[in-house]
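Engineer: Structure below; questions to follow.
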Amino acid sequence: MDNTFRNMKGLYLLFLLCLSGVVCVSIRYSLPEEKKSGSLVANVLKDLKLGPGELSTRRAQLVSKSKKQYFQLDTRSGNLFVNEKIDREALCGKMEPCLLLSEIVLQNPLTIYSIEIQIEDINDNSPTFSQTERDLSIPENAPTNTRFPLESAHDTDLGENSIQNYTLSPNENFRLDIQSGRGGKKNLDLVLEKPLDREKEAQFGLTLTAVDGGVPQRTGTVQLNINVLDINDNFPEFSQYEYIVSLKENSPQETLVLKVEARDLDLGSNAEITYSYQVPEEISNLFQLDQTTGEITVLGQIDYEKETSYYMKIKATDGGGFSGHCKVLVEIEDENDNAPEISVISITSPLAEDSPPDTLVVLFSVTDQDSEDNGRTSCSMAMNFPFLLKTTVNNYYQLVTQMSLDREKVPEYNITITATDQGSPRFTSRETIRVLVSDINDNSPVFEKAKYEMQVWENNIPGLLMGSVHAVDLDVEQNAKVTYSLVPGNASGAPAASYVSINSETGNLYVLRSLDYEQIKEFQVRVRASDGGLPPLSSEVVVRVMILDENDNAPFFLYPLQNSTSPCNELVPKSVEAGYLVTKVVAVDGDSGQNSWLSYELLKATDPGLFSIGAQNGEVKTRRPLTERDTNKQRLIILVRDNGHPPQTSSATLNILPVDGFSDPYLNIASVSHEASEEDGSLTMYLVICLAAVSFVFLICIIVFVVIKMYKKESSFITALPQFPPALPEIPETGVDSQSGSLSRTYHYDVCLTGGSLSSEFRFLRPLIPVFSMGDPNVSGNHRISSVSQETPEPVECQKQREQVSK
């Protein structure tokens, strides 16, 4: 009986749905009970006129209206199978017809088909009596045609399979009278046909048999033991033959249901009445009858959803054995004791964030096992969601989107559905549904900066990491995977890809070539960040690369120019005073900033105290007047240093020739003679230092150093060309003295200079004819110089010859 009321509700709702036009098809099948699981019921495709595969395409679901899923639907073939063995008696009891209501729910569009499956009874139960034996006490003076009610047998089967007839074993005193009572129930009375005589026969043993109409027939029996009593001429009588009472479900134990009362006109023990009943076990577990007072009280849990009414027969027996009978019908009133039940049919999760409005998200149904207002429900949800709750038919609800979604703002929704019935007090159920929002590629990568600036030192190593760019994509997974690339274009007249490269995954930028600040000071490239979506989205940013200057250029002399074929000579009158501006040294530096700030200093001079140079302007001035003791050629080595770290230096040689009315050819010859002597001394010192570093012998170094010092001391008086051994012919007294720095007229040697060299070297030696007269006393010794051969110089190696001459 637990499904009887729900089945009636289902039929009523089906009728309403058919009127509304929503449920267009109602199918009814019949199925015998006790069918095995997996048995075929029917194929719904033919009856619903649906095409093959349409059930699976429209996500068909079989929704049962009972607590158990007795059937299953194969959405591919459309076959409806038995999912669980069905016992009609346990399912419907005496309800006829026994219907199992189910619905096939199709989506897109939403269509609901109602299916009624009638469970047909089979003869699987035998009639049973509550007792196998029953004792009856009948007074011997009972008149004929006196009726004695008997308990009916119980058969859970229906129709022809239920009890069809009763038989009584043959006897002379009693017959069986069968009458159809309320609800089609058969009432049995044992009728006395012949007066009793206790002295002849004090007891009777009769057999009552109940027979059903099934094939094969099933029977049930009870043994009637009849005792004949002595005279007691009054029977207990109830005030009513039938009592009808209402009882609310969930009434607490010991609640008074009804008090029955019977009266007996006899006196003494024959008037003492005892109450009893014969009921099935399920009723005796729910109700209790007081044998003395006749009060019926609640003993167990009364549930309207299990049974709506209970039927009992009450017997009142006096002390003489006489009894009276009445019937009691207890009708159960429904209470709002069941909360609504929310059943989720389908859910779309994850839900694409670009889903259009009115997209179905959740389909669910709400049921309440109570009746009338207690079973009427309503649903609601919070209003701060971009979803709308729609009511459909037959307590089905749709949760659909009502506005666009944004996964980057809200990645998931926890929607609480609240179902409330209309009972008093009201019951509420809540179901939280989690809906995930799936990502689409709707966000472009965004760089952390609007513009990047990077710096790299010039003369860098190719492949040097100079910085990185980073972009963030608010999407997830593949849509958020950012790759970097260079935008095709030119940077300072060359393709950008020839200057830099970028790591597509990390965004690291690398320099591909060694850069020169003096050629390019900065350039710009554009970097593109693309995500992995379909289609991909991208953004670009400008990267400005600035090259930092390094001190990689040594100062360069513009004057005196060092790559000329002849040394730079400056003529200075011998009569100049201190502070006389001889010349101005000019140098430039290819670097910039403080790396190009230049300062000048006098590194080496023939006479350090004679000249000075301006540290900032490079002006060479005399520090004192020239004297006769000053040599005819002053050689200055000027050093220029920039302000870089570490500083770069360059040096230049400037020859200053004090003159007093001599021509340029003479000055050039004197210049060469003096330069050769001084250059030979410096080259010898450098050679000695190199030999000392290689030998690693300290003693040898000391000896060489002493020899060099002695040699330099002896050669300091020689102002022109080397002097040869004294074995040569002597010079007349009127000739030039060798100590004055001039050669004798007999031994003059040709001097050659290599083109572009800053130092003079001997090429070969041969006697020359003097130009000036040796006997002219007016000619100063310093000017008695022979003429120089004008032969064209040849490129030869003179280092060894010079070393031989020095030795």
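Residue numbering restarts at 1 for every chain of the structure tokens, chains are lettered A, B, ... in their displayed order, and ligands are numbered from 1 as they appear.
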When DSSP is applied to the backbone of this structure, which of segment 167-215 of chain A are assigned strand (DSSP E)? Write them out as number ranges by chain.
Structural biologist: A: 167-168, 174-180, 186-192, 203-212
Engineer: For Leu561 of chain A, which residue among A:Gly294, A:Ser650, A:Arg198, A:Ser56 is the nearest when counting only C-alpha atoms?
Structural biologist: A:Ser650
Engineer: When DSSP works through the backbone of this structure, what residues of segment 256-484 of chain A end up as alpha helix (DSSP H), shown as an MDAnalysis selection string?
Structural biologist: chainID A and resid 281:284
Engineer: Near Ser152 of chain A, counting only C-alpha atoms, which residues have an atom at most 12 Å away, once you skip same-chain residues fewer than 2 positions from it, shown as an mmCIF file with N, CA and C atoms, in the first residue's frame?
Structural biologist:
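In the end it all went to out_4.cif:
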data_model
loop_
_atom_site.group_PDB
_atom_site.id
_atom_site.type_symbol
_atom_site.label_atom_id
_atom_site.label_comp_id
_atom_site.auth_asym_id
_atom_site.auth_seq_id
_atom_site.Cartn_x
_atom_site.Cartn_y
_atom_site.Cartn_z
ATOM 1 N N PRO A 127 -3.975 -19.284 0.190
ATOM 2 C CA PRO A 127 -4.776 -18.661 1.259
ATOM 3 C C PRO A 127 -4.248 -19.111 2.624
ATOM 4 N N THR A 128 -4.248 -18.188 3.563
ATOM 5 C CA THR A 128 -3.760 -18.479 4.914
ATOM 6 C C THR A 128 -4.718 -17.923 5.926
ATOM 7 N N PHE A 129 -4.812 -18.622 7.032
ATOM 8 C CA PHE A 129 -5.563 -18.140 8.193
ATOM 9 C C PHE A 129 -4.573 -17.693 9.243
ATOM 10 N N SER A 130 -5.000 -16.809 10.088
ATOM 11 C CA SER A 130 -4.098 -16.299 11.123
ATOM 12 C C SER A 130 -3.788 -17.380 12.152
ATOM 13 N N GLN A 131 -4.668 -18.373 12.283
ATOM 14 C CA GLN A 131 -4.448 -19.474 13.219
ATOM 15 C C GLN A 131 -4.739 -20.791 12.518
ATOM 16 N N PRO A 149 -19.519 -15.736 13.647
ATOM 17 C CA PRO A 149 -18.536 -15.203 12.658
ATOM 18 C C PRO A 149 -17.219 -15.978 12.718
ATOM 19 N N LEU A 150 -16.714 -16.225 11.561
ATOM 20 C CA LEU A 150 -15.419 -16.891 11.436
ATOM 21 C C LEU A 150 -14.399 -15.942 10.766
ATOM 22 N N HIS A 154 -6.667 -15.107 4.334
ATOM 23 C CA HIS A 154 -5.970 -13.997 3.663
ATOM 24 C C HIS A 154 -5.155 -14.543 2.503
ATOM 25 N N ASP A 155 -5.437 -13.993 1.314
ATOM 26 C CA ASP A 155 -4.677 -14.370 0.123
ATOM 27 C C ASP A 155 -4.202 -13.074 -0.546
ATOM 28 N N ILE A 163 -8.927 -15.697 -3.102
ATOM 29 C CA ILE A 163 -9.881 -16.694 -2.547
ATOM 30 C C ILE A 163 -11.208 -16.591 -3.269
ATOM 31 N N GLN A 164 -11.669 -17.734 -3.793
ATOM 32 C CA GLN A 164 -12.925 -17.787 -4.539
ATOM 33 C C GLN A 164 -14.050 -18.501 -3.766
ATOM 34 N N ASN A 165 -13.641 -19.343 -2.855
ATOM 35 C CA ASN A 165 -14.698 -20.110 -2.171
ATOM 36 C C ASN A 165 -14.155 -20.673 -0.874
ATOM 37 N N TYR A 166 -15.100 -20.970 0.040
ATOM 38 C CA TYR A 166 -14.788 -21.624 1.308
ATOM 39 C C TYR A 166 -15.633 -22.897 1.378
ATOM 40 N N THR A 167 -15.075 -23.914 1.966
ATOM 41 C CA THR A 167 -15.837 -25.175 2.181
ATOM 42 C C THR A 167 -15.680 -25.607 3.626
ATOM 43 N N LEU A 176 -21.962 -23.416 6.391
ATOM 44 C CA LEU A 176 -21.134 -22.218 6.187
ATOM 45 C C LEU A 176 -21.898 -21.231 5.317
ATOM 46 N N ASP A 177 -22.018 -19.990 5.802
ATOM 47 C CA ASP A 177 -22.687 -18.938 5.045
ATOM 48 C C ASP A 177 -21.624 -17.893 4.644
ATOM 49 N N ILE A 178 -21.549 -17.645 3.329
ATOM 50 C CA ILE A 178 -20.525 -16.704 2.793
ATOM 51 C C ILE A 178 -21.252 -15.487 2.251
ATOM 52 N N GLN A 179 -20.858 -14.292 2.719
ATOM 53 C CA GLN A 179 -21.422 -13.019 2.262
ATOM 54 C C GLN A 179 -20.277 -12.067 1.869
ATOM 55 N N SER A 180 -20.553 -11.281 0.841
ATOM 56 C CA SER A 180 -19.562 -10.272 0.399
ATOM 57 C C SER A 180 -19.762 -8.997 1.193
ATOM 58 N N GLY A 181 -18.729 -8.616 1.854
ATOM 59 C CA GLY A 181 -18.816 -7.418 2.684
ATOM 60 C C GLY A 181 -18.282 -6.187 1.971
ATOM 61 N N LYS A 185 -14.753 -7.867 0.399
ATOM 62 C CA LYS A 185 -14.210 -8.877 1.306
ATOM 63 C C LYS A 185 -15.326 -9.847 1.693
ATOM 64 N N LYS A 186 -14.998 -11.129 1.727
ATOM 65 C CA LYS A 186 -15.993 -12.166 2.058
ATOM 66 C C LYS A 186 -16.048 -12.347 3.576
ATOM 67 N N ASN A 187 -17.259 -12.281 4.099
ATOM 68 C CA ASN A 187 -17.486 -12.500 5.522
ATOM 69 C C ASN A 187 -18.063 -13.907 5.713
ATOM 70 N N LEU A 188 -17.448 -14.631 6.637
ATOM 71 C CA LEU A 188 -17.846 -16.017 6.888
ATOM 72 C C LEU A 188 -18.617 -16.106 8.201
ATOM 73 N N ASP A 189 -19.701 -16.825 8.144
ATOM 74 C CA ASP A 189 -20.495 -17.102 9.360
ATOM 75 C C ASP A 189 -20.778 -18.602 9.425
ATOM 76 N N LEU A 190 -20.557 -19.111 10.630
ATOM 77 C CA LEU A 190 -20.921 -20.520 10.881
ATOM 78 C C LEU A 190 -22.363 -20.524 11.407
ATOM 79 N N LEU A 208 -12.318 -25.903 8.070
ATOM 80 C CA LEU A 208 -12.696 -24.826 7.148
ATOM 81 C C LEU A 208 -11.583 -24.680 6.115
ATOM 82 N N THR A 209 -11.967 -24.769 4.839
ATOM 83 C CA THR A 209 -10.982 -24.716 3.747
ATOM 84 C C THR A 209 -11.263 -23.507 2.867
ATOM 85 N N ALA A 210 -10.224 -22.736 2.590
ATOM 86 C CA ALA A 210 -10.299 -21.588 1.650
ATOM 87 C C ALA A 210 -9.626 -22.007 0.351
ATOM 88 N N VAL A 211 -10.321 -21.794 -0.779
ATOM 89 C CA VAL A 211 -9.834 -22.217 -2.092
ATOM 90 C C VAL A 211 -9.748 -20.991 -3.008
ATOM 91 N N GLY A 220 -6.061 -23.234 1.805
ATOM 92 C CA GLY A 220 -5.615 -23.023 3.164
ATOM 93 C C GLY A 220 -6.703 -23.497 4.124
ATOM 94 N N THR A 221 -6.308 -24.061 5.240
ATOM 95 C CA THR A 221 -7.307 -24.645 6.158
ATOM 96 C C THR A 221 -7.086 -24.152 7.565
ATOM 97 N N VAL A 222 -8.188 -24.239 8.351
ATOM 98 C CA VAL A 222 -8.145 -23.960 9.780
ATOM 99 C C VAL A 222 -9.059 -24.999 10.470
ATOM 100 N N GLN A 278 -8.685 -10.835 16.327
ATOM 101 C CA GLN A 278 -7.831 -11.655 15.499
ATOM 102 C C GLN A 278 -7.463 -10.829 14.256
ATOM 103 N N VAL A 279 -6.225 -10.372 14.209
ATOM 104 C CA VAL A 279 -5.758 -9.490 13.131
ATOM 105 C C VAL A 279 -4.407 -9.988 12.634
ATOM 106 N N PRO A 280 -3.987 -9.567 11.426
ATOM 107 C CA PRO A 280 -2.646 -9.921 10.944
ATOM 108 C C PRO A 280 -1.561 -9.330 11.850
ATOM 109 N N MET A 312 -10.109 -3.980 11.604
ATOM 110 C CA MET A 312 -10.022 -4.968 12.705
ATOM 111 C C MET A 312 -11.406 -5.479 13.078
ATOM 112 N N LYS A 313 -11.459 -6.740 13.565
ATOM 113 C CA LYS A 313 -12.670 -7.347 14.126
ATOM 114 C C LYS A 313 -12.440 -7.555 15.617
#
Engineer: Tell me, in Å to one decimal, how far atom CA of Gly532 of chain A is from atom CA of Pro445 of chain A.
Structural biologist: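 Distance reported for this atom pair: 10.3 Å.
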Engineer: Between atom CA of Arg218 of chain A and atom CA of Glu33 of chain A, measure the distance and give it in Å to one decimal.
Structural biologist: 17.6 Å
Engineer: What's around segment 620-636 of chain A at 10 Å? Count only C-alpha atoms, leave out sequence neighbours fewer than 2 positions away in its own chain, and write the answer as a VMD selection string.
Structural biologist: chain A and resid 569 to 585 601 to 615 617 to 618 638 to 639 652 to 659 667 670 to 675 678 719 782 to 783
Engineer: Using only C-alpha atoms, find the one residue out of A:Arg28, A:Lys68, A:Lys521, A:Arg134 that sits nearest to Ile119 of chain A.
Structural biologist: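 Counting only C-alpha atoms, the residue closest to Ile119 of chain A is A:Arg28.
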